[in-house]
Amino acid sequence: MPVARVCVDIPLAHLDRPFDYLVPAELGDTAQPGTRVRVRFAGQLVDGWLLDRAAASDHGGRLTYLDRLVSPEPVLAPEILRLARAVADRYAGSLADVLRLAVPPRHARVEREPAADPAATSDAASLPAASTDAVPLRAAATDPSPDTGWRDYPAGPGFLRALTAGRPARAVYSALPGADWAARYAEAIAATVHGGRGAVAVVADARDLDRLDAALTAALGPGRHVCLSAALGPARRYRAFLAARRGTVPVVVGTRAAMFAPVDRLGLVAIWDDGDDLHAEPRAPYPHAREVLLTRAQLAEAGALVGGWSRSAEAQLLVETGWAKEIVAARETVRARTPAVTPTGDDPQLARDPGAATARLPSLAWTAARTALAADTPVLVQVPRRGYLPSISCADCRTPARCPHCAGPLALGSAQAPPACRWCGRVAAAYVCPHCSGRRLRAAVTGARRTAEELGRAFPGVPVRTSGRDEVLSQVPAGAHLVVATPGAEPGADGGFGAVLLLDAWALLTRADLRAGEETLRRWLNAAALARPAAAGGRVVVVADGALVPVQALLRWDPAWFAARELAERRELGFPPAVRMASVTGSAAAVADLLDAARLPDAAELLGPVPADSDRERMLIRVPRSRAGALASALHSAAGVRTARKAAEPVRVQVDPLALF
DNA sequence: TCAATCCGTATC
DNA sequence: ATACGGATTGAC
């Protein structure tokens with residue numbers, strides 16, 4: 001096999017195909033498919049991936065030799081190459097772009113470390129060599145399904161049995177409030193491993209990863225899995241990657257950096273909280289972890305687990321098309337586990353209790369918190385993330401401007417728009433300062449810490465902790481105390497929170513985003529799921545109008561109902577995921593140039609242009625899902641025409657852009 | 001007629 | 001991106 005097919009690491013769309021090189025005799029054995037090479041290409045030395053060896057080349061001209069084998073380590077597994085090609089095709093990107101995401105940068109010292117000693121790391125210990133015939137015997141001995149929390153869900157035990165039997169079962173899972181989701185994921189992964197196959201699981205952030213890591217250690221024992229995330233740093237990341245690639249461990253869990261992790265005989269892909277936008281990769285071609293994992297399940301005939309407290313419209317589509325089965329609890333089980341949820345919408349009354357002289361909360365919220373604290377249970381307060389929009393105060397007397405309805409902080413969305421409440425989202429059109437009757441407003445900085453101080457004053461003597469960007473708590477003890485957290489940073493509480501106050505309707509009611517409703521419900525459920533059941537005193541107060549659809553979904557604790565409604569609405573409006581959408585961003589001329597070159601499918605609709613930041617504009621292209629492949633292919637070719645012509649102005653092509661407006 | 005330059009195209 | 005070949009242009 002004297003010919004090497006090489007993918008050169010060059011980000012030009014029109015060079016997205018393999019090039020043939022001759023393999024020098026001395027590299028005949030070591031230059032195997034999947035290795036990194038350096039080759040002379042267009043007169044310069046570039047990095048490349050050896051994709052395959054062949055007996056002959058189709059290339060008419062003369063072949064040059066590989067310049068160098070970077071390392072004999074076959075880092076690119078055949079499964080990952082097929083996956084990367086499929087992902088590149090789906091997202092109108094180049095194979096080289098995806099490979100750069102899929103294979104972490106080489107770390108030579110780590111590569112030289114003795115292979116069989118992952119015990120040197122805390123993440124991985126040695127494992128009996130993966131012997132294909134021994135594994136099924138073990139599987140029969142330790143069927144993990146009998147006594148697990150999956151029995152709370154009628155379809156749960158069957159799902160585990162299918163995974164152990166090696167059948168590619170695919171599930172959309174709605175976790176019961178208070179459930180130990182990480183334990184459920186660990187059980188599904190253990191079932192897969194007992195069936196003799198491997199698993200990859202992706203979570204949104206480090207805190208969720210810690211939980212899953214601990215649950216897996218409990219379910220599988222130490223050393224059967226590695227954690228992979230960009231936060232590890234180059235050496236640890238490459239070490240974890242190599243442990244997976246060399247088959248030292250059968251399971252990889254991590255943040256989105258792990259979505260391409262190589263695993264032997266993949267039997268399960270899993271993602272938790274797929275609606276979290278941390279799952280969207282910000283580098284070209286912008287693949288989403290859920291889509292990558294589902295593509296993987298499809299190609300590798302592996303099982304899939306898409307779960308969360310809430311359900312994304314994309315997950316709902318999997319259920320409605322029959323691609324996946326839903327795993328949900330019976331309504332009576334849901335009712336028994338959910339906290340009592342109350343909206344404040346019809347209660348314009350602020351706390352008037354004598355003890356609440358300084359309270360800045362709707363009375364319902366204040367009462368719920370006080371009751372929970374009196375019962376010696378902790379209270380979680382979810383507040384909006386600060387940053388984007390400064391809060392405002394009276395320009396004359398500097399009293400912070402408060403929402404007349406719920407006493408939340410007012411903020412300015414834009415210079416012209418009237419101020420709106422960051423808690424309940426209501427617009428305060430004609431603001432009058434209650435202190436000095438001033439009508440002019442000025443920007444002021446009110447952070448989560450300030451909110452924490454205010455709440456502390458409302459409940460004298462009660463300890464207040466904060467969990468947010470700077471410092472994220474993962475677990476807090478039982479007992480009477482307050483936790484103020486921004487969305488995504490809510491810690492769990494031993495025994496559950498006695499009350500959860502949701503002061504984050506801001507996103508729902510003020511953002512014009514297509515996904516605003518879905519995102520709001522996701523944030524609320526993520527926090528509300530940490531509350532005790534109603535029977536144990538658990539109470540949730542949401543500062544929003546009870547008539548709103550996401551509030552209804554929260555009251556009924558029915559994320560599937562909401563997702564079905566949401567998907568139906570998107571079908572009606574022609575929005576993703578009911579259709580496939582792509583965006584093209586750049587200067588007006590460059591965008592027009594690219595669309596000119598693109599042979600779009602007949603069914604394609606052009607929407608826009610929409611102004612983007614700094615005199616660039618954005619066009620949206622919409623096609624039915626059946627034409628998604630044709631659209632991506634057309635956009636990739638058109639980008640290729642432009643790079644071939646050395647078009648100076650860059651254009652960004654994005655399939656499934658996160659935000660549409 | 002030849003060389004310098006431009007433009008388009010292939011890059012293995 | 002860079003290199004090269006063929007076409008083009010301008011000067012002798």
# chains A, B, ... in the order shown; residues from 1 in each chain; ligands from 1
$ interface_residues --of "chain A" --to "chain C" --cutoff "12 Å" --atoms "only C-alpha atoms (C1' of nucleotides)" --output "MDAnalysis selection string"
chainID A and resid 9:12 15 40:46 643:646
$ select_by_dssp --residues "range 311-477 of chain A" --states "strand (DSSP E)" --output "MDAnalysis selection string"
chainID A and resid 325:327 340:343 379:382 391:394 410:411 420:421 441:444 464:467 475:476
$ write_last_selection --atoms "C-alpha atoms" --output "mmCIF file, in the first residue's frame"
data_model
loop_
_atom_site.group_PDB
_atom_site.id
_atom_site.type_symbol
_atom_site.label_atom_id
_atom_site.label_comp_id
_atom_site.auth_asym_id
_atom_site.auth_seq_id
_atom_site.Cartn_x
_atom_site.Cartn_y
_atom_site.Cartn_z
ATOM 1 C CA LYS A 325 -38.928 6.642 22.675
ATOM 2 C CA GLU A 326 -39.813 8.855 25.593
ATOM 3 C CA ILE A 327 -38.980 7.787 29.116
ATOM 4 C CA ALA A 340 -46.136 23.137 44.994
ATOM 5 C CA VAL A 341 -45.695 25.853 42.364
ATOM 6 C CA THR A 342 -47.352 29.267 42.616
ATOM 7 C CA PRO A 343 -47.116 32.224 40.228
ATOM 8 C CA VAL A 379 -34.162 28.464 50.237
ATOM 9 C CA LEU A 380 -32.885 28.882 46.683
ATOM 10 C CA VAL A 381 -33.316 32.228 44.954
ATOM 11 C CA GLN A 382 -32.706 32.250 41.202
ATOM 12 C CA SER A 391 -29.762 48.280 36.617
ATOM 13 C CA ILE A 392 -30.993 51.844 37.048
ATOM 14 C CA SER A 393 -31.728 54.199 39.867
ATOM 15 C CA CYS A 394 -33.316 57.598 40.360
ATOM 16 C CA LEU A 410 -35.466 47.804 36.670
ATOM 17 C CA ALA A 411 -32.996 47.716 33.799
ATOM 18 C CA ALA A 420 -38.212 46.681 32.280
ATOM 19 C CA CYS A 421 -38.086 44.539 35.404
ATOM 20 C CA LEU A 441 -33.189 57.570 35.675
ATOM 21 C CA ARG A 442 -29.488 56.794 35.637
ATOM 22 C CA ALA A 443 -27.518 53.568 35.182
ATOM 23 C CA ALA A 444 -26.272 51.870 38.323
ATOM 24 C CA VAL A 464 -26.808 33.959 52.698
ATOM 25 C CA ARG A 465 -24.540 32.289 50.157
ATOM 26 C CA THR A 466 -24.163 33.178 46.492
ATOM 27 C CA SER A 467 -23.408 30.911 43.561
ATOM 28 C CA GLN A 475 -23.916 21.275 47.026
ATOM 29 C CA VAL A 476 -25.136 22.979 50.171
#
$ interface_residues --of "chain A" --to "chain B" --cutoff "8 Å" --atoms "only C-alpha atoms (C1' of nucleotides)" --output "VMD selection string"
chain A and resid 19 to 21 41 to 42 59 61 to 64
$ residues_around --residues "range 181-196 of chain A" --least-positions-apart "2" --cutoff "6 Å" --atoms "only C-alpha atoms (C1' of nucleotides)" --output "ChimeraX atom specification"
/A:135,139,160,163-166,179,198,212,215-216
$ residues_around --residues "range 285-296 of chain A" --least-positions-apart "6" --cutoff "7 Å" --atoms "only C-alpha atoms (C1' of nucleotides)" --output "short mmCIF file (atom, residue, chain, number, x, y, z; two decimals) with C-alpha atoms, in the first residue's frame"
data_model
loop_
_atom_site.label_atom_id
_atom_site.label_comp_id
_atom_site.auth_asym_id
_atom_site.auth_seq_id
_atom_site.Cartn_x
_atom_site.Cartn_y
_atom_site.Cartn_z
CA LEU A 83 -18.35 10.90 12.06
CA VAL A 87 -20.59 16.39 10.77
CA TYR A 91 -22.74 21.82 8.95
CA GLY A 93 -17.86 22.79 6.92
CA ASP A 97 -12.16 22.02 10.71
CA ARG A 256 -18.72 19.27 24.65
CA MET A 259 -18.51 14.67 21.96
CA VAL A 269 -24.24 8.20 23.54
CA ILE A 271 -26.39 14.09 26.73
CA ASP A 274 -29.38 19.37 25.78
CA HIS A 279 -23.56 22.48 24.10
CA ALA A 304 -28.88 7.24 22.69
CA GLN A 654 -23.68 28.67 9.97
#
$ select_by_dssp --residues "range 233-423 of chain A" --states "alpha helix (DSSP H)" --output "PyMOL selection string"
chain A and resi 234-245+289-300+313-320+331-337+363-374
$ atom_distance --atom1 "CA of Ala534 in chain A" --atom2 "CA of Arg556 in chain A"
12.9 Å
$ atom_distance --atom1 "CA of Pro559 in chain A" --atom2 "CA of Trp323 in chain A"
18.8 Å
$ atom_distance --atom1 "CA of Arg36 in chain A" --atom2 "CA of Trp49 in chain A"
4.9 Å
$ residues_around --residues "Ala480 in chain A" --least-positions-apart "6" --cutoff "10 Å" --atoms "only C-alpha atoms (C1' of nucleotides)" --output "PyMOL selection string"
chain A and resi 369-370+372-379+462-464+497-498
$ decode --residues "chain B" --atoms "N, CA and C atoms (P, O5', C5', C4', C3', O3' and C1' of nucleotides)" --output "CSV table (one decimal), in the first residue's frame"
chain,number,residue,atom,x,y,z
B,1,DT,P,9.4,36.3,-35.0
B,1,DT,O5',10.1,36.7,-33.7
B,1,DT,C5',11.4,37.3,-33.7
B,1,DT,C4',11.7,37.8,-32.3
B,1,DT,C3',11.4,36.8,-31.2
B,1,DT,O3',12.6,36.6,-30.5
B,1,DT,C1',10.5,39.0,-30.7
B,2,DC,P,12.7,35.3,-29.5
B,2,DC,O5',12.8,36.1,-28.1
B,2,DC,C5',13.7,37.3,-28.0
B,2,DC,C4',13.3,38.1,-26.8
B,2,DC,C3',13.0,37.2,-25.6
B,2,DC,O3',13.8,37.7,-24.5
B,2,DC,C1',11.2,38.8,-25.9
B,3,DA,P,14.0,36.8,-23.2
B,3,DA,O5',13.5,37.8,-22.1
B,3,DA,C5',14.0,39.1,-22.1
B,3,DA,C4',13.0,40.0,-21.3
B,3,DA,C3',12.6,39.4,-19.9
B,3,DA,O3',12.5,40.6,-19.1
B,3,DA,C1',10.6,39.7,-21.2
B,4,DA,P,12.8,40.4,-17.5
B,4,DA,O5',11.6,41.2,-16.9
B,4,DA,C5',11.3,42.5,-17.4
B,4,DA,C4',9.8,42.7,-17.2
B,4,DA,C3',9.3,42.4,-15.8
B,4,DA,O3',8.5,43.5,-15.3
B,4,DA,C1',7.9,41.4,-17.5
B,5,DT,P,8.0,43.5,-13.8
B,5,DT,O5',6.4,43.1,-14.1
B,5,DT,C5',5.7,43.9,-15.1
B,5,DT,C4',4.3,43.3,-15.3
B,5,DT,C3',3.6,42.9,-14.0
B,5,DT,O3',2.4,43.5,-14.0
B,5,DT,C1',3.5,41.1,-15.6
B,6,DC,P,1.4,43.6,-12.7
B,6,DC,O5',0.1,42.8,-13.3
B,6,DC,C5',-0.3,43.1,-14.6
B,6,DC,C4',-1.3,42.0,-15.1
B,6,DC,C3',-2.2,41.6,-14.0
B,6,DC,O3',-3.5,41.6,-14.5
B,6,DC,C1',-1.1,39.7,-14.9
B,7,DC,P,-4.8,41.5,-13.5
B,7,DC,O5',-5.3,40.0,-13.8
B,7,DC,C5',-5.4,39.6,-15.2
B,7,DC,C4',-5.6,38.1,-15.2
B,7,DC,C3',-6.6,37.6,-14.1
B,7,DC,O3',-7.7,37.0,-14.7
B,7,DC,C1',-4.6,36.3,-14.1
B,8,DG,P,-8.9,36.4,-13.9
B,8,DG,O5',-8.7,34.8,-14.1
B,8,DG,C5',-8.3,34.3,-15.3
B,8,DG,C4',-7.8,32.9,-15.1
B,8,DG,C3',-8.7,32.1,-14.2
B,8,DG,O3',-8.9,30.8,-14.7
B,8,DG,C1',-6.5,32.0,-13.3
B,9,DT,P,-9.9,29.8,-14.2
B,9,DT,O5',-9.0,28.6,-13.7
B,9,DT,C5',-7.9,28.2,-14.5
B,9,DT,C4',-7.0,27.4,-13.7
B,9,DT,C3',-7.7,26.4,-12.7
B,9,DT,O3',-7.0,25.2,-12.7
B,9,DT,C1',-6.1,27.7,-11.5
B,10,DA,P,-7.7,23.8,-12.4
B,10,DA,O5',-6.6,23.0,-11.7
B,10,DA,C5',-5.3,23.0,-12.3
B,10,DA,C4',-4.3,22.7,-11.2
B,10,DA,C3',-4.7,21.7,-10.2
B,10,DA,O3',-3.7,20.8,-10.0
B,10,DA,C1',-4.1,23.7,-9.1
B,11,DT,P,-3.7,19.6,-9.0
B,11,DT,O5',-2.9,20.2,-7.7
B,11,DT,C5',-1.6,20.6,-7.9
B,11,DT,C4',-1.1,21.2,-6.6
B,11,DT,C3',-1.3,20.3,-5.4
B,11,DT,O3',-0.1,20.3,-4.6
B,11,DT,C1',-2.2,22.4,-4.9
B,12,DC,P,1.2,19.5,-5.1
B,12,DC,O5',0.7,18.0,-4.7
B,12,DC,C5',0.8,17.6,-3.3
B,12,DC,C4',0.5,16.2,-3.3
B,12,DC,C3',1.3,15.3,-4.3
B,12,DC,O3',1.8,14.2,-3.7
B,12,DC,C1',-1.1,15.0,-4.5
